[in-house]
Amino acid sequence: MSGIIRVYKRDDEGVLHFREGWFDEDYSQFVMNYGVVGHQSRTEETDVADAAAVEGLMDAFAVQCAEDGYAEIPDKEQFWVVAQFALKTKDGTERDRYLEEKAKDAIISHLAWRGLGTVERSEFSDYKLNIFCLCPDVNKAVNAIKICCRGEDLDFTKLSIGAAPFTEPANFKLKHSAKPASSFSI
């Protein structure tokens with residue numbers, strides 16, 4: 001069985017919380033990751049001796065989350081947040097492909113452990129590397145990407161970040177630029 005259950009809920013103060021559950025085949029463990037969106041999560045692992053029990057654990061986790069008021073956030077209610085790195089060449093070099101892999105890995109991990117979304121894809125376009133993230137909270141995701149890129153030495157001086165509602169992928173707005181700029185384009 002593969003897959004992850006990722007659900008969210010707002011508390012009485014409007015703070016967004018998340019829970020994730022998945023089976024880690026490498027360690028034969030059911031993993032639950034949870035916390036306040038935008039903050040480092042807490043993780044609990046449960047050893048699973050019988051692989052047949054995994055589906056039952058996943059089902060029980062889903063039921064408990066639903067009972068506690070957690071639900072998936074549909075894509076159409078989320079946002080595209082794009083981490084964009086300016087490149088020196090139109091199509092990217094071998095060094096740029098290394099940057100792509102390093103940046104994707106770092107952003108995937110940084111967003112995931114904070115309930116801030118997923119990296120959906122990356123692409124090279126005219127002198128740019130674009131990493132597309134699907135996120136439930138734009139401002140927290142933008143701040144997390146900036147912190148991640150700075151901490152991982154990912155050419156922060158070449159970083160711009162744009163965001164758009166999932167349903168309006170042509171309407172990106174600039175959220176961060178290392179250099180003076182007023183617009184964002186893919």
# chains A, B, ... in the order shown; residues from 1 in each chain; ligands from 1
call {"tool": "select_by_dssp", "arguments": {"residues": "chain A", "states": "strand (DSSP E or B)", "output": "tab-separated table (two decimals) with N, CA and C atoms, in the first residue's frame"}}
result
chain	number	residue	atom	x	y	z
A	4	ILE	N	-0.48	8.69	1.15
A	4	ILE	CA	-0.42	9.48	2.36
A	4	ILE	C	-1.80	10.10	2.58
A	5	ILE	N	-2.19	10.17	3.81
A	5	ILE	CA	-3.42	10.88	4.18
A	5	ILE	C	-2.96	12.22	4.73
A	6	ARG	N	-3.45	13.31	4.13
A	6	ARG	CA	-3.06	14.66	4.56
A	6	ARG	C	-4.35	15.46	4.76
A	7	VAL	N	-4.61	15.89	5.99
A	7	VAL	CA	-5.85	16.59	6.31
A	7	VAL	C	-5.57	17.82	7.18
A	8	TYR	N	-6.55	18.74	7.18
A	8	TYR	CA	-6.40	20.02	7.88
A	8	TYR	C	-7.67	20.37	8.63
A	9	LYS	N	-7.53	21.26	9.61
A	9	LYS	CA	-8.71	21.87	10.26
A	9	LYS	C	-8.29	23.18	10.90
A	10	ARG	N	-9.26	24.08	10.99
A	10	ARG	CA	-9.04	25.35	11.68
A	10	ARG	C	-9.61	25.23	13.09
A	16	LEU	N	-4.75	27.18	11.45
A	16	LEU	CA	-4.82	25.97	10.64
A	16	LEU	C	-3.87	24.90	11.19
A	17	HIS	N	-4.41	23.72	11.44
A	17	HIS	CA	-3.64	22.57	11.92
A	17	HIS	C	-3.64	21.50	10.84
A	18	PHE	N	-2.66	20.59	10.89
A	18	PHE	CA	-2.62	19.51	9.92
A	18	PHE	C	-2.25	18.19	10.59
A	19	ARG	N	-2.63	17.12	9.91
A	19	ARG	CA	-2.23	15.76	10.28
A	19	ARG	C	-1.92	15.01	8.99
A	20	GLU	N	-0.87	14.21	9.05
A	20	GLU	CA	-0.52	13.33	7.93
A	20	GLU	C	-0.25	11.95	8.49
A	21	GLY	N	-0.61	10.95	7.71
A	21	GLY	CA	-0.30	9.58	8.10
A	21	GLY	C	0.12	8.79	6.88
A	22	TRP	N	1.16	7.96	7.03
A	22	TRP	CA	1.62	7.10	5.94
A	22	TRP	C	2.37	5.92	6.51
A	23	PHE	N	2.59	4.93	5.65
A	23	PHE	CA	3.35	3.76	6.03
A	23	PHE	C	4.74	3.87	5.43
A	24	ASP	N	5.75	3.81	6.29
A	24	ASP	CA	7.14	3.85	5.85
A	24	ASP	C	7.61	2.41	5.68
A	29	GLN	N	6.96	1.02	9.61
A	29	GLN	CA	6.32	1.85	10.63
A	29	GLN	C	5.17	2.66	10.02
A	30	PHE	N	4.11	2.83	10.81
A	30	PHE	CA	3.08	3.79	10.48
A	30	PHE	C	3.54	5.11	11.10
A	31	VAL	N	3.58	6.15	10.29
A	31	VAL	CA	4.08	7.45	10.73
A	31	VAL	C	2.94	8.46	10.75
A	32	MET	N	2.82	9.17	11.87
A	32	MET	CA	1.86	10.25	11.98
A	32	MET	C	2.64	11.54	12.24
A	33	ASN	N	2.39	12.53	11.40
A	33	ASN	CA	3.04	13.82	11.46
A	33	ASN	C	1.93	14.85	11.67
A	34	TYR	N	2.09	15.77	12.64
A	34	TYR	CA	0.99	16.69	12.94
A	34	TYR	C	1.51	17.96	13.60
A	35	GLY	N	0.68	19.01	13.53
A	35	GLY	CA	1.04	20.26	14.17
A	35	GLY	C	0.30	21.44	13.59
A	36	VAL	N	0.78	22.63	13.90
A	36	VAL	CA	0.23	23.87	13.37
A	36	VAL	C	0.91	24.15	12.04
A	42	ARG	N	5.33	17.61	14.85
A	42	ARG	CA	5.70	16.51	15.74
A	42	ARG	C	5.41	15.22	14.99
A	43	THR	N	6.17	14.20	15.29
A	43	THR	CA	6.03	12.93	14.58
A	43	THR	C	5.97	11.79	15.57
A	44	GLU	N	5.09	10.83	15.30
A	44	GLU	CA	5.00	9.60	16.08
A	44	GLU	C	5.07	8.43	15.13
A	45	GLU	N	5.86	7.44	15.48
A	45	GLU	CA	5.99	6.23	14.67
A	45	GLU	C	5.47	5.04	15.47
A	46	THR	N	4.81	4.13	14.76
A	46	THR	CA	4.32	2.88	15.36
A	46	THR	C	4.85	1.73	14.53
A	47	ASP	N	5.58	0.84	15.17
A	47	ASP	CA	6.09	-0.33	14.45
A	47	ASP	C	4.92	-1.21	14.01
A	71	ALA	N	-10.17	17.47	7.51
A	71	ALA	CA	-10.59	17.10	6.16
A	71	ALA	C	-9.52	17.55	5.16
A	79	PHE	N	-3.28	27.15	-3.30
A	79	PHE	CA	-2.57	28.13	-4.10
A	79	PHE	C	-1.33	27.53	-4.73
A	80	TRP	N	-1.01	28.02	-5.92
A	80	TRP	CA	0.29	27.72	-6.52
A	80	TRP	C	1.28	28.72	-5.94
A	81	VAL	N	2.37	28.22	-5.41
A	81	VAL	CA	3.48	29.06	-4.98
A	81	VAL	C	4.68	28.56	-5.76
A	82	VAL	N	5.31	29.45	-6.53
A	82	VAL	CA	6.41	29.05	-7.40
A	82	VAL	C	7.71	29.70	-6.93
A	83	ALA	N	8.67	28.84	-6.59
A	83	ALA	CA	10.02	29.30	-6.29
A	83	ALA	C	10.76	29.36	-7.63
A	84	GLN	N	11.22	30.53	-7.99
A	84	GLN	CA	11.84	30.73	-9.30
A	84	GLN	C	13.27	31.22	-9.13
A	85	PHE	N	14.19	30.54	-9.81
A	85	PHE	CA	15.59	30.91	-9.77
A	85	PHE	C	16.00	31.43	-11.14
A	86	ALA	N	16.60	32.63	-11.18
A	86	ALA	CA	17.11	33.17	-12.43
A	86	ALA	C	18.35	32.40	-12.84
A	118	THR	N	2.98	20.65	-0.99
A	118	THR	CA	3.77	19.68	-1.74
A	118	THR	C	4.41	20.33	-2.96
A	119	VAL	N	5.55	19.80	-3.37
A	119	VAL	CA	6.16	20.19	-4.64
A	119	VAL	C	5.54	19.31	-5.71
A	120	GLU	N	4.90	19.94	-6.67
A	120	GLU	CA	4.18	19.21	-7.70
A	120	GLU	C	5.02	18.95	-8.94
A	121	ARG	N	5.88	19.91	-9.30
A	121	ARG	CA	6.72	19.73	-10.49
A	121	ARG	C	7.75	20.85	-10.56
A	122	SER	N	8.71	20.67	-11.47
A	122	SER	CA	9.67	21.74	-11.74
A	122	SER	C	9.90	21.76	-13.26
A	123	GLU	N	10.33	22.92	-13.72
A	123	GLU	CA	10.58	23.05	-15.17
A	123	GLU	C	11.56	24.18	-15.42
A	124	PHE	N	12.26	24.06	-16.55
A	124	PHE	CA	13.12	25.13	-17.01
A	124	PHE	C	12.37	25.89	-18.10
A	125	SER	N	12.39	27.21	-18.03
A	125	SER	CA	11.84	28.05	-19.09
A	125	SER	C	12.78	29.24	-19.24
A	128	LYS	N	15.01	30.59	-16.56
A	128	LYS	CA	14.43	30.43	-15.23
A	128	LYS	C	14.26	28.95	-14.90
A	129	LEU	N	14.41	28.65	-13.61
A	129	LEU	CA	14.02	27.36	-13.05
A	129	LEU	C	12.81	27.62	-12.17
A	130	ASN	N	11.69	26.95	-12.47
A	130	ASN	CA	10.46	27.13	-11.70
A	130	ASN	C	10.14	25.85	-10.93
A	131	ILE	N	9.90	25.98	-9.63
A	131	ILE	CA	9.49	24.85	-8.80
A	131	ILE	C	8.09	25.17	-8.29
A	132	PHE	N	7.12	24.37	-8.76
A	132	PHE	CA	5.70	24.60	-8.47
A	132	PHE	C	5.29	23.85	-7.21
A	133	CYS	N	4.77	24.59	-6.25
A	133	CYS	CA	4.31	24.02	-4.98
A	133	CYS	C	2.81	24.28	-4.84
A	134	LEU	N	2.10	23.31	-4.34
A	134	LEU	CA	0.67	23.45	-4.05
A	134	LEU	C	0.54	23.63	-2.54
A	135	CYS	N	0.01	24.78	-2.10
A	135	CYS	CA	0.08	25.16	-0.69
A	135	CYS	C	-1.26	25.66	-0.16
A	159	LEU	N	16.57	34.23	-6.30
A	159	LEU	CA	15.24	33.71	-6.00
A	159	LEU	C	14.15	34.77	-6.11
A	160	SER	N	13.09	34.40	-6.80
A	160	SER	CA	11.83	35.15	-6.78
A	160	SER	C	10.74	34.14	-6.44
A	161	ILE	N	9.68	34.62	-5.82
A	161	ILE	CA	8.56	33.74	-5.48
A	161	ILE	C	7.27	34.43	-5.92
A	162	GLY	N	6.46	33.67	-6.63
A	162	GLY	CA	5.16	34.16	-7.06
A	162	GLY	C	4.07	33.23	-6.56
A	163	ALA	N	2.84	33.75	-6.47
A	163	ALA	CA	1.73	32.93	-6.01
A	163	ALA	C	0.48	33.28	-6.80
A	164	ALA	N	-0.38	32.27	-6.96
A	164	ALA	CA	-1.66	32.44	-7.65
A	164	ALA	C	-2.65	31.43	-7.08
A	165	PRO	N	-3.94	31.79	-7.07
A	165	PRO	CA	-4.92	30.78	-6.69
A	165	PRO	C	-4.84	29.59	-7.64
A	173	LYS	N	1.16	36.65	-8.75
A	173	LYS	CA	1.56	37.92	-8.14
A	173	LYS	C	2.92	37.70	-7.47
A	174	LEU	N	3.78	38.69	-7.61
A	174	LEU	CA	5.09	38.63	-6.99
A	174	LEU	C	4.96	38.70	-5.48
A	175	LYS	N	5.57	37.75	-4.76
A	175	LYS	CA	5.54	37.73	-3.29
A	175	LYS	C	6.92	37.98	-2.69
A	176	HIS	N	7.95	37.72	-3.47
A	176	HIS	CA	9.33	37.96	-3.00
A	176	HIS	C	10.24	38.07	-4.21
A	177	SER	N	11.18	39.00	-4.13
A	177	SER	CA	12.22	39.09	-5.15
A	177	SER	C	13.48	39.59	-4.49
call {"tool": "residues_around", "arguments": {"residues": "A:Asp153", "least_positions_apart": "6", "cutoff": "12 Å", "atoms": "only C-alpha atoms", "output": "ChimeraX atom specification"}}
result
/A:99,102-103,106,145-147,159
call {"tool": "write_last_selection", "arguments": {"atoms": "N, CA and C atoms", "output": "JSON list (two decimals), in the first residue's frame"}}
result
[["chain", "number", "residue", "atom", "x", "y", "z"],
["A", 99, "LEU", "N", 21.05, 22.22, -9.17],
["A", 99, "LEU", "CA", 20.27, 23.16, -8.36],
["A", 99, "LEU", "C", 18.81, 22.72, -8.31],
["A", 102, "LYS", "N", 18.56, 19.69, -5.91],
["A", 102, "LYS", "CA", 18.85, 20.10, -4.53],
["A", 102, "LYS", "C", 17.71, 20.98, -3.99],
["A", 103, "ALA", "N", 17.23, 21.91, -4.79],
["A", 103, "ALA", "CA", 16.16, 22.81, -4.36],
["A", 103, "ALA", "C", 14.86, 22.04, -4.16],
["A", 106, "ALA", "N", 15.08, 19.98, -0.94],
["A", 106, "ALA", "CA", 15.04, 20.83, 0.26],
["A", 106, "ALA", "C", 13.65, 21.41, 0.48],
["A", 145, "ILE", "N", 9.76, 29.00, 2.19],
["A", 145, "ILE", "CA", 10.64, 28.80, 1.04],
["A", 145, "ILE", "C", 11.85, 29.72, 1.13],
["A", 146, "LYS", "N", 11.64, 30.97, 1.56],
["A", 146, "LYS", "CA", 12.77, 31.88, 1.72],
["A", 146, "LYS", "C", 13.75, 31.35, 2.77],
["A", 147, "ILE", "N", 13.24, 30.92, 3.90],
["A", 147, "ILE", "CA", 14.09, 30.38, 4.97],
["A", 147, "ILE", "C", 14.83, 29.14, 4.48],
["A", 159, "LEU", "N", 16.57, 34.23, -6.30],
["A", 159, "LEU", "CA", 15.24, 33.71, -6.00],
["A", 159, "LEU", "C", 14.15, 34.77, -6.11]]
call {"tool": "select_by_dssp", "arguments": {"residues": "stretch 1-164 of chain A", "states": "helix (DSSP H, G or I)", "output": "ChimeraX atom specification"}}
result
/A:51-67,75-77,94-112,138-151,156-158
call {"tool": "closest_residue", "arguments": {"among": "A:Phe156, A:Glu25, A:Glu72, A:Ala178", "to": "A:Asp50", "atoms": "only C-alpha atoms"}}
result
A:Glu25
call {"tool": "closest_residue", "arguments": {"among": "A:Glu94, A:Ile73, A:His39, A:Gly3", "to": "A:Val54", "atoms": "only C-alpha atoms"}}
result
A:Gly3
call {"tool": "residues_around", "arguments": {"residues": "A:Thr167", "least_positions_apart": "4", "cutoff": "9 Å", "atoms": "only C-alpha atoms", "output": "list in words"}}
result
Asp75, Lys76, Glu77, Gln78 and Phe79 of chain A
call {"tool": "atom_distance", "arguments": {"atom1": "atom CA of A:Leu87", "atom2": "atom CA of A:Val142"}}
result
20.3 Å
call {"tool": "closest_residue", "arguments": {"among": "A:Asn171, A:Ala60, A:Gly151, A:Asp126", "to": "A:Lys90", "atoms": "only C-alpha atoms"}}
result
A:Asp126
